[in-house]
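Everything below belongs to work-v3.tsv, which stores TSV, N, CA and C atoms.
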chain	number	residue	atom	x	y	z
A	1	MET	N	76.06	31.48	26.36
A	1	MET	CA	76.81	30.46	25.66
A	1	MET	C	77.66	29.70	26.68
A	2	PRO	N	77.69	28.37	26.59
A	2	PRO	CA	78.46	27.60	27.56
A	2	PRO	C	79.96	27.81	27.37
A	3	LEU	N	80.69	27.52	28.44
A	3	LEU	CA	82.14	27.56	28.33
A	3	LEU	C	82.59	26.50	27.34
A	4	LYS	N	83.67	26.78	26.64
A	4	LYS	CA	84.18	25.83	25.66
A	4	LYS	C	84.46	24.50	26.35
A	5	SER	N	83.90	23.46	25.83
A	5	SER	CA	84.06	22.15	26.43
A	5	SER	C	85.49	21.65	26.28
A	6	LYS	N	85.93	20.95	27.30
A	6	LYS	CA	87.26	20.36	27.25
A	6	LYS	C	87.20	18.93	26.72
A	7	ARG	N	86.02	18.44	26.46
A	7	ARG	CA	85.88	17.07	25.95
A	7	ARG	C	86.42	17.01	24.53
A	8	LYS	N	87.36	16.14	24.33
A	8	LYS	CA	88.03	16.05	23.03
A	8	LYS	C	87.16	15.40	21.96
A	9	ASN	N	86.08	14.74	22.35
A	9	ASN	CA	85.24	14.08	21.36
A	9	ASN	C	84.17	15.01	20.78
A	10	LEU	N	84.19	16.29	21.15
A	10	LEU	CA	83.21	17.24	20.63
A	10	LEU	C	83.80	18.07	19.50
A	11	ILE	N	83.00	18.31	18.49
A	11	ILE	CA	83.36	19.27	17.46
A	11	ILE	C	83.00	20.66	17.96
A	12	TRP	N	81.81	20.78	18.56
A	12	TRP	CA	81.41	22.03	19.19
A	12	TRP	C	80.34	21.79	20.24
A	13	ASP	N	80.16	22.80	21.07
A	13	ASP	CA	79.02	22.86	21.99
A	13	ASP	C	78.50	24.28	21.97
A	14	THR	N	77.22	24.42	22.22
A	14	THR	CA	76.59	25.73	22.13
A	14	THR	C	75.27	25.70	22.89
A	15	THR	N	74.55	26.79	22.84
A	15	THR	CA	73.17	26.81	23.31
A	15	THR	C	72.27	26.99	22.10
A	16	ASP	N	71.15	26.28	22.12
A	16	ASP	CA	70.21	26.38	21.00
A	16	ASP	C	69.33	27.61	21.14
A	17	PHE	N	68.41	27.75	20.24
A	17	PHE	CA	67.47	28.87	20.19
A	17	PHE	C	66.74	29.08	21.51
A	18	PHE	N	66.44	27.99	22.23
A	18	PHE	CA	65.70	28.06	23.49
A	18	PHE	C	66.60	28.23	24.71
A	19	GLY	N	67.93	28.06	24.53
A	19	GLY	CA	68.86	28.18	25.64
A	19	GLY	C	69.36	26.85	26.18
A	20	ASN	N	69.05	25.74	25.53
A	20	ASN	CA	69.52	24.42	25.95
A	20	ASN	C	70.96	24.20	25.52
A	21	TYR	N	71.70	23.42	26.30
A	21	TYR	CA	73.07	23.07	25.97
A	21	TYR	C	73.05	21.95	24.92
A	22	ILE	N	73.72	22.19	23.79
A	22	ILE	CA	73.72	21.25	22.66
A	22	ILE	C	75.15	20.90	22.27
A	23	THR	N	75.37	19.63	21.92
A	23	THR	CA	76.70	19.20	21.47
A	23	THR	C	76.62	18.53	20.10
A	24	LEU	N	77.74	18.63	19.40
A	24	LEU	CA	77.96	17.85	18.18
A	24	LEU	C	79.21	17.03	18.42
A	25	GLU	N	79.05	15.72	18.46
A	25	GLU	CA	80.17	14.82	18.72
A	25	GLU	C	80.89	14.46	17.42
A	26	GLN	N	82.19	14.28	17.53
A	26	GLN	CA	83.00	13.91	16.36
A	26	GLN	C	82.50	12.63	15.71
A	27	VAL	N	82.15	11.63	16.51
A	27	VAL	CA	81.71	10.36	15.95
A	27	VAL	C	80.42	10.54	15.13
A	28	THR	N	79.51	11.37	15.60
A	28	THR	CA	78.27	11.62	14.86
A	28	THR	C	78.57	12.31	13.53
A	29	TRP	N	79.44	13.32	13.59
A	29	TRP	CA	79.77	14.06	12.37
A	29	TRP	C	80.53	13.18	11.38
A	30	ASN	N	81.60	12.55	11.85
A	30	ASN	CA	82.50	11.81	10.95
A	30	ASN	C	81.97	10.45	10.50
A	31	GLU	N	81.21	9.77	11.35
A	31	GLU	CA	80.78	8.42	11.02
A	31	GLU	C	79.32	8.32	10.58
A	32	HIS	N	78.57	9.39	10.74
A	32	HIS	CA	77.20	9.38	10.23
A	32	HIS	C	76.95	10.50	9.23
A	33	ILE	N	77.03	11.73	9.70
A	33	ILE	CA	76.61	12.86	8.87
A	33	ILE	C	77.42	12.94	7.58
A	34	VAL	N	78.73	12.95	7.67
A	34	VAL	CA	79.56	13.08	6.45
A	34	VAL	C	79.50	11.83	5.58
A	35	VAL	N	79.31	10.66	6.20
A	35	VAL	CA	79.20	9.41	5.43
A	35	VAL	C	77.86	9.36	4.69
A	36	GLU	N	76.77	9.64	5.40
A	36	GLU	CA	75.44	9.56	4.79
A	36	GLU	C	75.07	10.80	3.96
A	37	HIS	N	75.66	11.93	4.29
A	37	HIS	CA	75.35	13.20	3.62
A	37	HIS	C	76.66	13.92	3.29
A	38	PRO	N	77.45	13.40	2.36
A	38	PRO	CA	78.79	13.95	2.10
A	38	PRO	C	78.80	15.42	1.72
A	39	ALA	N	77.71	15.94	1.21
A	39	ALA	CA	77.66	17.36	0.87
A	39	ALA	C	77.80	18.24	2.11
A	40	MET	N	77.60	17.67	3.30
A	40	MET	CA	77.70	18.43	4.54
A	40	MET	C	79.14	18.60	5.03
A	41	ALA	N	80.09	17.91	4.42
A	41	ALA	CA	81.50	18.04	4.83
A	41	ALA	C	81.88	19.51	4.85
A	42	SER	N	82.50	19.94	5.89
A	42	SER	CA	82.97	21.31	6.14
A	42	SER	C	81.85	22.29	6.52
A	43	TYR	N	80.66	21.79	6.82
A	43	TYR	CA	79.56	22.66	7.23
A	43	TYR	C	79.24	22.53	8.73
A	44	GLU	N	80.24	22.17	9.54
A	44	GLU	CA	80.04	22.05	10.98
A	44	GLU	C	79.60	23.38	11.59
A	45	ALA	N	80.28	24.47	11.23
A	45	ALA	CA	79.97	25.78	11.80
A	45	ALA	C	78.58	26.25	11.37
A	46	LEU	N	78.20	25.97	10.15
A	46	LEU	CA	76.87	26.34	9.68
A	46	LEU	C	75.79	25.56	10.44
A	47	THR	N	76.05	24.29	10.71
A	47	THR	CA	75.11	23.49	11.48
A	47	THR	C	74.92	24.11	12.86
A	48	LYS	N	76.00	24.53	13.48
A	48	LYS	CA	75.92	25.20	14.78
A	48	LYS	C	75.09	26.47	14.69
A	49	SER	N	75.32	27.26	13.66
A	49	SER	CA	74.60	28.51	13.46
A	49	SER	C	73.09	28.29	13.31
A	50	VAL	N	72.73	27.22	12.61
A	50	VAL	CA	71.30	26.92	12.41
A	50	VAL	C	70.64	26.52	13.73
A	51	VAL	N	71.36	25.82	14.58
A	51	VAL	CA	70.82	25.45	15.90
A	51	VAL	C	70.66	26.70	16.78
A	52	GLU	N	71.58	27.61	16.67
A	52	GLU	CA	71.53	28.84	17.48
A	52	GLU	C	70.48	29.83	16.96
A	53	ASN	N	70.33	29.91	15.66
A	53	ASN	CA	69.49	30.95	15.05
A	53	ASN	C	68.77	30.39	13.82
A	54	PRO	N	67.80	29.50	14.03
A	54	PRO	CA	67.11	28.86	12.91
A	54	PRO	C	66.10	29.76	12.22
A	55	ASP	N	65.79	29.41	11.00
A	55	ASP	CA	64.67	30.07	10.32
A	55	ASP	C	63.36	29.43	10.74
A	56	GLU	N	63.44	28.14	11.08
A	56	GLU	CA	62.24	27.38	11.43
A	56	GLU	C	62.63	26.24	12.36
A	57	ILE	N	61.71	25.87	13.26
A	57	ILE	CA	61.89	24.71	14.13
A	57	ILE	C	60.60	23.89	14.05
A	58	ARG	N	60.78	22.58	13.85
A	58	ARG	CA	59.63	21.68	13.79
A	58	ARG	C	59.84	20.50	14.73
A	59	LEU	N	58.74	19.98	15.25
A	59	LEU	CA	58.79	18.75	16.04
A	59	LEU	C	59.16	17.59	15.14
A	60	SER	N	59.81	16.60	15.71
A	60	SER	CA	60.09	15.36	14.99
A	60	SER	C	58.88	14.44	15.14
A	61	THR	N	58.59	13.68	14.11
A	61	THR	CA	57.54	12.67	14.22
A	61	THR	C	58.14	11.31	14.58
A	62	GLN	N	59.47	11.23	14.60
A	62	GLN	CA	60.15	9.98	14.88
A	62	GLN	C	60.46	9.81	16.37
A	63	GLN	N	60.76	10.92	17.06
A	63	GLN	CA	61.12	10.88	18.47
A	63	GLN	C	60.41	12.02	19.20
A	64	GLN	N	59.85	11.72	20.36
A	64	GLN	CA	59.10	12.73	21.10
A	64	GLN	C	59.98	13.81	21.70
A	65	THR	N	61.27	13.56	21.80
A	65	THR	CA	62.17	14.55	22.39
A	65	THR	C	63.15	15.10	21.37
A	66	ALA	N	62.75	15.19	20.12
A	66	ALA	CA	63.64	15.71	19.08
A	66	ALA	C	62.99	16.86	18.32
A	67	LEU	N	63.84	17.78	17.89
A	67	LEU	CA	63.41	18.92	17.08
A	67	LEU	C	64.28	19.02	15.84
A	68	ALA	N	63.70	19.50	14.76
A	68	ALA	CA	64.44	19.79	13.53
A	68	ALA	C	64.63	21.30	13.45
A	69	PHE	N	65.89	21.71	13.37
A	69	PHE	CA	66.26	23.11	13.18
A	69	PHE	C	66.55	23.29	11.70
A	70	ILE	N	65.91	24.27	11.08
A	70	ILE	CA	65.96	24.40	9.63
A	70	ILE	C	66.44	25.78	9.24
A	71	SER	N	67.38	25.81	8.29
A	71	SER	CA	67.88	27.09	7.79
A	71	SER	C	66.97	27.59	6.68
A	72	GLY	N	67.23	28.79	6.24
A	72	GLY	CA	66.51	29.33	5.09
A	72	GLY	C	67.13	28.84	3.80
A	73	PRO	N	66.44	29.04	2.68
A	73	PRO	CA	66.99	28.67	1.38
A	73	PRO	C	68.29	29.42	1.10
A	74	GLY	N	69.15	28.78	0.32
A	74	GLY	CA	70.42	29.41	-0.06
A	74	GLY	C	71.50	29.28	1.00
A	75	THR	N	71.25	28.48	2.02
A	75	THR	CA	72.21	28.26	3.10
A	75	THR	C	72.77	26.85	2.99
A	76	GLY	N	74.10	26.72	2.92
A	76	GLY	CA	74.70	25.39	2.89
A	76	GLY	C	75.00	24.89	1.49
A	77	PRO	N	75.15	23.57	1.37
A	77	PRO	CA	75.61	22.99	0.11
A	77	PRO	C	74.57	22.95	-1.01
A	78	GLY	N	73.32	23.19	-0.70
A	78	GLY	CA	72.29	23.15	-1.73
A	78	GLY	C	71.40	24.37	-1.65
A	79	PRO	N	70.60	24.58	-2.66
A	79	PRO	CA	69.77	25.80	-2.71
A	79	PRO	C	68.63	25.84	-1.70
A	80	GLU	N	68.26	24.69	-1.12
A	80	GLU	CA	67.09	24.65	-0.23
A	80	GLU	C	67.44	24.78	1.25
A	81	GLY	N	68.73	24.91	1.61
A	81	GLY	CA	69.12	25.04	3.01
A	81	GLY	C	69.53	23.72	3.64
A	82	ILE	N	69.62	23.71	4.99
A	82	ILE	CA	69.97	22.50	5.72
A	82	ILE	C	69.02	22.28	6.89
A	83	ARG	N	68.99	21.03	7.38
A	83	ARG	CA	68.26	20.68	8.59
A	83	ARG	C	69.22	20.01	9.55
A	84	ALA	N	69.05	20.29	10.83
A	84	ALA	CA	69.81	19.62	11.87
A	84	ALA	C	68.81	19.07	12.89
A	85	LEU	N	68.91	17.78	13.18
A	85	LEU	CA	68.01	17.15	14.13
A	85	LEU	C	68.71	17.03	15.48
A	86	VAL	N	68.08	17.59	16.51
A	86	VAL	CA	68.61	17.54	17.87
A	86	VAL	C	67.72	16.64	18.71
A	87	ASN	N	68.33	15.67	19.39
A	87	ASN	CA	67.60	14.82	20.32
A	87	ASN	C	67.92	15.30	21.74
A	88	TYR	N	66.88	15.59	22.51
A	88	TYR	CA	67.02	16.12	23.86
A	88	TYR	C	66.85	15.02	24.90
A	89	THR	N	67.32	15.28	26.12
A	89	THR	CA	67.19	14.31	27.20
A	89	THR	C	65.76	14.22	27.71
A	90	ASP	N	64.98	15.29	27.52
A	90	ASP	CA	63.59	15.29	27.98
A	90	ASP	C	62.80	16.37	27.24
A	91	LYS	N	61.54	16.51	27.57
A	91	LYS	CA	60.67	17.46	26.86
A	91	LYS	C	60.72	18.89	27.39
A	92	SER	N	61.64	19.21	28.28
A	92	SER	CA	61.70	20.57	28.81
A	92	SER	C	62.50	21.51	27.91
A	93	TYR	N	62.74	21.11	26.66
A	93	TYR	CA	63.56	21.92	25.75
A	93	TYR	C	62.98	23.30	25.47
A	94	GLU	N	61.66	23.45	25.44
A	94	GLU	CA	61.10	24.77	25.16
A	94	GLU	C	61.30	25.76	26.31
A	95	LYS	N	61.64	25.24	27.49
A	95	LYS	CA	61.93	26.09	28.65
A	95	LYS	C	63.43	26.39	28.76
A	96	GLY	N	64.23	25.78	27.87
A	96	GLY	CA	65.67	26.00	27.92
A	96	GLY	C	66.34	25.26	29.06
A	97	SER	N	65.73	24.20	29.54
A	97	SER	CA	66.29	23.48	30.69
A	97	SER	C	66.61	22.02	30.37
A	98	SER	N	66.98	21.75	29.13
A	98	SER	CA	67.31	20.39	28.73
A	98	SER	C	68.71	20.37	28.11
A	99	PHE	N	69.15	19.19	27.78
A	99	PHE	CA	70.42	19.00	27.07
A	99	PHE	C	70.11	18.24	25.80
A	100	GLY	N	70.86	18.52	24.74
A	100	GLY	CA	70.62	17.83	23.49
A	100	GLY	C	71.90	17.56	22.73
A	101	ARG	N	71.78	16.68	21.75
A	101	ARG	CA	72.91	16.42	20.87
A	101	ARG	C	72.42	16.29	19.44
A	102	ILE	N	73.25	16.72	18.54
A	102	ILE	CA	72.94	16.59	17.12
A	102	ILE	C	72.97	15.10	16.78
A	103	VAL	N	71.91	14.60	16.16
A	103	VAL	CA	71.90	13.20	15.72
A	103	VAL	C	72.06	13.08	14.21
A	104	THR	N	71.71	14.13	13.48
A	104	THR	CA	71.97	14.15	12.04
A	104	THR	C	71.84	15.59	11.54
A	105	ALA	N	72.41	15.83	10.39
A	105	ALA	CA	72.28	17.11	9.69
A	105	ALA	C	72.42	16.79	8.21
A	106	TYR	N	71.62	17.46	7.40
A	106	TYR	CA	71.64	17.13	5.97
A	106	TYR	C	71.12	18.31	5.16
A	107	PRO	N	71.51	18.34	3.87
A	107	PRO	CA	70.97	19.39	3.01
A	107	PRO	C	69.49	19.13	2.73
A	108	VAL	N	68.71	20.18	2.70
A	108	VAL	CA	67.31	20.04	2.32
A	108	VAL	C	67.30	19.82	0.81
A	109	ASP	N	66.79	18.68	0.40
A	109	ASP	CA	66.75	18.32	-1.02
A	109	ASP	C	65.56	17.39	-1.21
A	110	ILE	N	64.43	17.96	-1.57
A	110	ILE	CA	63.19	17.19	-1.69
A	110	ILE	C	63.33	16.07	-2.72
A	111	ILE	N	64.06	16.29	-3.78
A	111	ILE	CA	64.23	15.27	-4.81
A	111	ILE	C	65.05	14.10	-4.28
A	112	LYS	N	66.19	14.39	-3.65
A	112	LYS	CA	67.08	13.33	-3.16
A	112	LYS	C	66.56	12.66	-1.90
A	113	TYR	N	66.07	13.45	-0.93
A	113	TYR	CA	65.68	12.90	0.36
A	113	TYR	C	64.17	12.78	0.56
A	114	GLY	N	63.38	13.29	-0.38
A	114	GLY	CA	61.93	13.22	-0.26
A	114	GLY	C	61.40	14.20	0.77
A	115	THR	N	60.12	14.13	1.02
A	115	THR	CA	59.49	14.99	2.01
A	115	THR	C	59.81	14.43	3.39
A	116	PRO	N	60.35	15.25	4.27
A	116	PRO	CA	60.75	14.74	5.59
A	116	PRO	C	59.55	14.44	6.47
A	117	LYS	N	59.76	13.56	7.44
A	117	LYS	CA	58.72	13.24	8.41
A	117	LYS	C	58.86	14.20	9.58
A	118	LEU	N	58.46	15.43	9.35
A	118	LEU	CA	58.53	16.45	10.39
A	118	LEU	C	57.14	16.79	10.86
A	119	GLY	N	57.06	17.17	12.11
A	119	GLY	CA	55.77	17.49	12.71
A	119	GLY	C	55.46	18.96	12.71
A	120	LYS	N	54.69	19.32	13.71
A	120	LYS	CA	54.15	20.66	13.87
A	120	LYS	C	55.25	21.73	13.91
A	121	LEU	N	54.96	22.84	13.27
A	121	LEU	CA	55.83	24.02	13.32
A	121	LEU	C	55.73	24.63	14.71
A	122	ILE	N	56.88	24.83	15.38
A	122	ILE	CA	56.84	25.47	16.70
A	122	ILE	C	57.52	26.83	16.70
A	123	TYR	N	58.25	27.14	15.65
A	123	TYR	CA	58.86	28.48	15.53
A	123	TYR	C	59.12	28.76	14.07
A	124	LYS	N	58.87	30.00	13.66
A	124	LYS	CA	59.23	30.48	12.33
A	124	LYS	C	59.75	31.90	12.51
A	125	ARG	N	60.94	32.15	11.95
A	125	ARG	CA	61.52	33.50	12.05
A	125	ARG	C	60.51	34.51	11.54
A	126	GLY	N	60.35	35.56	12.29
A	126	GLY	CA	59.37	36.59	11.93
A	126	GLY	C	57.99	36.29	12.47
A	127	GLY	N	57.77	35.05	12.93
A	127	GLY	CA	56.47	34.68	13.45
A	127	GLY	C	56.46	34.43	14.94
A	128	GLY	N	57.63	34.51	15.57
A	128	GLY	CA	57.72	34.30	17.01
A	128	GLY	C	57.81	32.85	17.40
A	129	LYS	N	57.83	32.61	18.72
A	129	LYS	CA	57.85	31.21	19.19
A	129	LYS	C	56.69	30.92	20.07

Serialized structure, structure tokens:
Amino acid sequence: MPLKSKRKNLIWDTTDFFGNYITLEQVTWNEHIVVEHPAMASYEALTKSVVENPDEIRLSTQQQTALAFISGPGTGPGPEGIRALVNYTDKSYEKGSSFGRIVTAYPVDIIKYGTPKLGKLIYKRGGGK
């Protein structure tokens, strides 16, 4: 786990499932995530936990250097769990040698948000990586 960042614009920093350094910036949380997904208010720590220990990880179909970290059902503000999208600086994320930042996090809600544009499954808890 990285040393606690001294940058005042961070809500948290951590290492993800693969060992990459990940940040959640205050501006992303306060001006995007909570505005667009108000049910996520007060779920900063849960978002961090999902990045560190996800139930599932999928490739993004929107960005070649992004992954979706997904919790299990019953986690967060809704019954279907949450997703956190991390955008990395490069494709070396599976080796744990990249840096990333949270770009969004939201409750999994197929009715409200529809089926997400997520790609190939690259990790499932109990199934290995």

How far is it from atom C of Thr75 of chain A to atom CA of Tyr88 of chain A, in Å with one decimal?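 Taking atom C of Thr75 of chain A and atom CA of Tyr88 of chain A, their separation equals 24.2 Å.
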
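When atom CA of Ile82 of chain A is paired with atom CA of Arg125 of chain A, their separation reads 15.2 Å.
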
Atom CA of Asn9 of chain A to atom N of Ser60 of chain A, straight-line distance in Å: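 Atom-to-atom, atom N of Ser60 of chain A and atom CA of Asn9 of chain A are spaced 26.2 Å apart.
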
Write out as an MDAnalysis selection string which residues come within 12 Å of Glu52 of chain A when counting only C-alpha atoms, dropping same-chain ones fewer than 4 positions away. chainID A and resid 1 13:23 45:48 56:57 69:71 84 86

Could you give me, as a PyMOL selection string, each residue of chain A that DSSP assigns to strand (DSSP E or B) when run on this structure's backbone? chain A and resi 10-15+21-25+56-60+66-70+82-88+99-107+118-124+128

Between A:Asn53, A:Thr104, A:Gln63, A:Thr28, single out the one closest to Arg83 of chain A, counting all atoms listed in the file.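 Distance minimum relative to Arg83 of chain A lands on A:Thr104.
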
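Considering the residues A:Val103, A:Ala68, A:Leu59, A:Ala39 and counting only C-alpha atoms, Val27 of chain A has its shortest atom-to-atom contact with A:Val103.
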
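Proximity ranking of A:Leu10, A:Val108, A:Lys95, A:Lys120 relative to Pro79 of chain A places A:Val108 first, based on all atoms listed in the file.
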
Smallest atom-to-atom distance to Leu118 of chain A: which of A:Glu31, A:Glu94, A:Thr61, A:Gln26, using only C-alpha atoms? A:Thr61

Can you work out which one of A:Gly126, A:Gly78, A:Leu67, A:Asp90 has the shortest atom-to-atom distance to Asp109 of chain A, counting all atoms listed in the file?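 The shortest atom-to-atom distance to Asp109 of chain A comes from A:Gly78.
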
What parts of chain A does DSSP call alpha helix (DSSP H)? I'd like the answer as a count of residues only. 19

Between A:Arg58, A:Arg101, A:Lys112, A:Lys117, which residue has the minimum interatomic distance to Asn87 of chain A, considering all atoms listed in the file?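 Smallest distance to Asn87 of chain A is found for A:Arg101.
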